[in-house]
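Engineer: Handing you this structure, nothing more for now.
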Amino acid sequence: MKYQIITFYEFTQLSNLEDLKTRLKALMSAYSIYGTFIIANEGFNSTVCGTAKNIETFVPEIESIFKSKLMLKSSFHEENTFKRQKVKIKKEIVTLRKTVDISKGIGTHVSSHLWNEILSDPETIILDTRND
């Protein structure tokens, strides 16, 4: 049996995180979806795995909860790659240890071509916040 692995995220204002956690865990259980959701007031990040059929019905449910059309990265594997169903509430999705105003980032997405131009500019400074 083939399993589909999907990764998705969105920076958006979320509230009622405990209620959201309960709803997400229930959906994961109902559709036999395994993996992790990280939720915070600033948005969510997730990588989960399930059968392609279950993923196909799970995604619209998640989009309904988050009121968003998700941009998914998808891959396939012969085995389920995750063993647990986790939903974690965090203070921040991207740990900056500062309050982030998500609305200031709206409209700042750039194409890969433009991104490469930005990187080649000697005046560009990159701040990588993925790890300590």
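Just so we're on the same page: first chain in the structure tokens is A, next is B, and so on; residues restart at 1 for each chain, and ligands are numbered from 1 in the order they show up.
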Could you pull out the helix (DSSP H, G or I) residues of range 24-114 of chain A from DSSP and send them as JSON, numbers by chain?
Structural biologist: {"A": [24, 25, 26, 27, 28, 29, 30, 52, 53, 54, 55, 56, 57, 58, 59, 60, 61, 62, 63, 64, 65, 66, 102, 103, 104, 105, 112, 113, 114]}
Engineer: Would you mind listing what lies within 12 Å of Met28 in chain A as an MDAnalysis selection string, with only C-alpha atoms counted and same-chain residues fewer than 6 positions away left out?
Structural biologist: chainID A and resid 21:22 34:37 46:50 54:55 57:59 61:62 84:87
Engineer: Can you tell me, as a list in words, what residues are no more than 12 Å from Glu10 in chain A when counting only C-alpha atoms, ignoring any on the same chain fewer than 6 positions away?
Structural biologist: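 Those residues are Phe37, Ile38, Ile39, Ala40, Asn41, Glu42, Gly43, Phe44, Asn45, Ser46, Glu63, Phe66, Lys67, Ser68, Lys69, Leu70, Met71, Leu72, Ile93, Val94, Ile102, Gly105 and Ile106 of chain A.
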Engineer: Grab the CA of Ile89 in chain A to CA of Glu56 in chain A distance for me, in Å with one decimal place.
Structural biologist: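 Atom-to-atom, CA of Ile89 in chain A to CA of Glu56 in chain A, that is 25.2 Å.
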Engineer: Take CA of Glu78 in chain A and CA of Ser29 in chain A and report the distance between them in Å, one decimal.
Structural biologist: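 That distance, rounded to one decimal, is 20.6 Å.
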Engineer: Could you find all residues in range 4-129 of chain A that DSSP calls strand (DSSP E or B) from the backbone, and write them as JSON, numbers by chain?
Structural biologist: {"A": [4, 5, 6, 7, 8, 9, 10, 11, 34, 35, 36, 37, 38, 39, 40, 43, 44, 45, 46, 47, 48, 49, 50, 51, 73, 74, 75, 76, 77, 85, 86, 87, 88, 89]}
Engineer: Name the closest residue to Phe8 in chain A among the candidates A:Lys25, A:Lys73, A:Ser32, A:Ser64; distances are taken between atoms, counting only C-alpha atoms.
Structural biologist: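 Nearest to Phe8 in chain A: A:Lys73.
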Engineer: Counting only C-alpha atoms, figure out which residue out of A:Ile33, A:Leu96, A:Ala26, A:Ile65 gets nearest to Asp128 in chain A.
Structural biologist: A:Leu96
Engineer: Which neighbours of His77 in chain A fall inside 8 Å, counting only C-alpha atoms, when residues of the same chain fewer than 5 positions from it are skipped, and could you give them as a short mmCIF file (atom, residue, chain, number, x, y, z; two decimals) with N, CA, C and O atoms, in the first residue's frame?
Structural biologist:
```
data_model
loop_
_atom_site.label_atom_id
_atom_site.label_comp_id
_atom_site.auth_asym_id
_atom_site.auth_seq_id
_atom_site.Cartn_x
_atom_site.Cartn_y
_atom_site.Cartn_z
N LYS A 2 0.53 2.24 -0.79
CA LYS A 2 1.28 3.50 -0.83
C LYS A 2 0.71 4.49 0.17
O LYS A 2 -0.50 4.59 0.33
N TYR A 3 1.62 5.20 0.83
CA TYR A 3 1.23 6.26 1.76
C TYR A 3 1.66 7.60 1.19
O TYR A 3 2.73 7.71 0.58
N GLN A 4 0.84 8.59 1.40
CA GLN A 4 1.13 9.94 0.94
C GLN A 4 1.56 10.78 2.14
O GLN A 4 0.89 10.78 3.17
N ILE A 5 2.66 11.49 1.98
CA ILE A 5 3.17 12.38 3.01
C ILE A 5 2.94 13.80 2.51
O ILE A 5 3.33 14.13 1.39
#
```
Engineer: Just give me the gap between CA of Tyr31 in chain A and CA of Ser75 in chain A in Å, one decimal is fine.
Structural biologist: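 Between these atoms lies a distance of 18.1 Å.
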Engineer: What's the 12 Å shell around Thr129 in chain A, counting only C-alpha atoms, without same-chain residues fewer than 2 positions away, as an mmCIF file with all heavy atoms, in the first residue's frame?
Structural biologist:
```cif
data_model
loop_
_atom_site.group_PDB
_atom_site.id
_atom_site.type_symbol
_atom_site.label_atom_id
_atom_site.label_comp_id
_atom_site.auth_asym_id
_atom_site.auth_seq_id
_atom_site.Cartn_x
_atom_site.Cartn_y
_atom_site.Cartn_z
ATOM 1 N N GLU A 92 5.578 29.936 19.451
ATOM 2 C CA GLU A 92 5.928 30.460 18.128
ATOM 3 C C GLU A 92 6.137 29.298 17.167
ATOM 4 O O GLU A 92 6.647 28.254 17.565
ATOM 5 C CB GLU A 92 7.233 31.247 18.185
ATOM 6 C CG GLU A 92 7.229 32.443 19.100
ATOM 7 C CD GLU A 92 8.619 33.044 19.216
ATOM 8 O OE1 GLU A 92 9.488 32.410 19.830
ATOM 9 O OE2 GLU A 92 8.813 34.134 18.656
ATOM 10 N N ILE A 93 5.783 29.492 15.905
ATOM 11 C CA ILE A 93 6.097 28.507 14.876
ATOM 12 C C ILE A 93 7.581 28.642 14.524
ATOM 13 O O ILE A 93 8.325 27.677 14.498
ATOM 14 C CB ILE A 93 5.240 28.714 13.607
ATOM 15 C CG1 ILE A 93 3.754 28.550 13.921
ATOM 16 C CG2 ILE A 93 5.664 27.755 12.493
ATOM 17 C CD1 ILE A 93 3.340 27.186 14.379
ATOM 18 N N VAL A 94 8.010 29.834 14.243
ATOM 19 C CA VAL A 94 9.412 30.147 13.994
ATOM 20 C C VAL A 94 9.924 30.858 15.239
ATOM 21 O O VAL A 94 9.454 31.944 15.573
ATOM 22 C CB VAL A 94 9.587 31.057 12.753
ATOM 23 C CG1 VAL A 94 11.045 31.429 12.558
ATOM 24 C CG2 VAL A 94 9.027 30.376 11.522
ATOM 25 N N THR A 95 10.859 30.249 15.938
ATOM 26 C CA THR A 95 11.299 30.787 17.214
ATOM 27 C C THR A 95 12.203 32.000 17.022
ATOM 28 O O THR A 95 13.355 31.875 16.626
ATOM 29 C CB THR A 95 12.030 29.703 18.027
ATOM 30 O OG1 THR A 95 11.144 28.600 18.174
ATOM 31 C CG2 THR A 95 12.431 30.214 19.391
ATOM 32 N N LEU A 96 11.622 33.171 17.266
ATOM 33 C CA LEU A 96 12.370 34.423 17.222
ATOM 34 C C LEU A 96 12.463 35.061 18.608
ATOM 35 O O LEU A 96 13.204 36.001 18.806
ATOM 36 C CB LEU A 96 11.699 35.413 16.255
ATOM 37 C CG LEU A 96 11.645 34.985 14.796
ATOM 38 C CD1 LEU A 96 10.815 35.976 13.984
ATOM 39 C CD2 LEU A 96 13.036 34.884 14.221
ATOM 40 N N ARG A 97 11.650 34.555 19.529
ATOM 41 C CA ARG A 97 11.564 35.086 20.886
ATOM 42 C C ARG A 97 11.142 36.557 20.890
ATOM 43 O O ARG A 97 11.569 37.336 21.724
ATOM 44 C CB ARG A 97 12.857 34.860 21.641
ATOM 45 C CG ARG A 97 13.143 33.386 21.865
ATOM 46 C CD ARG A 97 14.468 33.152 22.578
ATOM 47 N NE ARG A 97 14.721 31.735 22.707
ATOM 48 C CZ ARG A 97 15.339 30.997 21.792
ATOM 49 N NH1 ARG A 97 15.749 31.544 20.680
ATOM 50 N NH2 ARG A 97 15.540 29.718 21.992
ATOM 51 N N ILE A 126 20.919 37.761 4.957
ATOM 52 C CA ILE A 126 20.030 36.627 5.216
ATOM 53 C C ILE A 126 20.105 36.296 6.701
ATOM 54 O O ILE A 126 21.196 36.113 7.243
ATOM 55 C CB ILE A 126 20.442 35.382 4.403
ATOM 56 C CG1 ILE A 126 20.477 35.682 2.916
ATOM 57 C CG2 ILE A 126 19.524 34.204 4.723
ATOM 58 C CD1 ILE A 126 19.143 35.902 2.280
ATOM 59 N N LEU A 127 18.949 36.179 7.326
ATOM 60 C CA LEU A 127 18.859 35.746 8.716
ATOM 61 C C LEU A 127 18.147 34.401 8.725
ATOM 62 O O LEU A 127 16.946 34.321 8.456
ATOM 63 C CB LEU A 127 18.097 36.761 9.564
ATOM 64 C CG LEU A 127 17.843 36.382 11.010
ATOM 65 C CD1 LEU A 127 19.160 36.212 11.753
ATOM 66 C CD2 LEU A 127 16.993 37.447 11.681
ATOM 67 N N ASN A 131 17.217 27.053 13.123
ATOM 68 C CA ASN A 131 17.773 26.338 14.282
ATOM 69 C C ASN A 131 18.619 27.307 15.104
ATOM 70 O O ASN A 131 18.980 28.383 14.669
ATOM 71 C CB ASN A 131 18.666 25.180 13.811
ATOM 72 C CG ASN A 131 17.872 24.120 13.082
ATOM 73 O OD1 ASN A 131 16.898 23.611 13.610
ATOM 74 N ND2 ASN A 131 18.274 23.830 11.869
ATOM 75 N N ASP A 132 18.946 26.858 16.321
ATOM 76 C CA ASP A 132 19.812 27.681 17.182
ATOM 77 C C ASP A 132 21.159 27.913 16.518
ATOM 78 O O ASP A 132 21.686 27.129 15.820
ATOM 79 C CB ASP A 132 20.052 27.009 18.541
ATOM 80 C CG ASP A 132 18.803 27.052 19.397
ATOM 81 O OD1 ASP A 132 17.897 27.854 19.106
ATOM 82 O OD2 ASP A 132 18.739 26.271 20.353
#
```
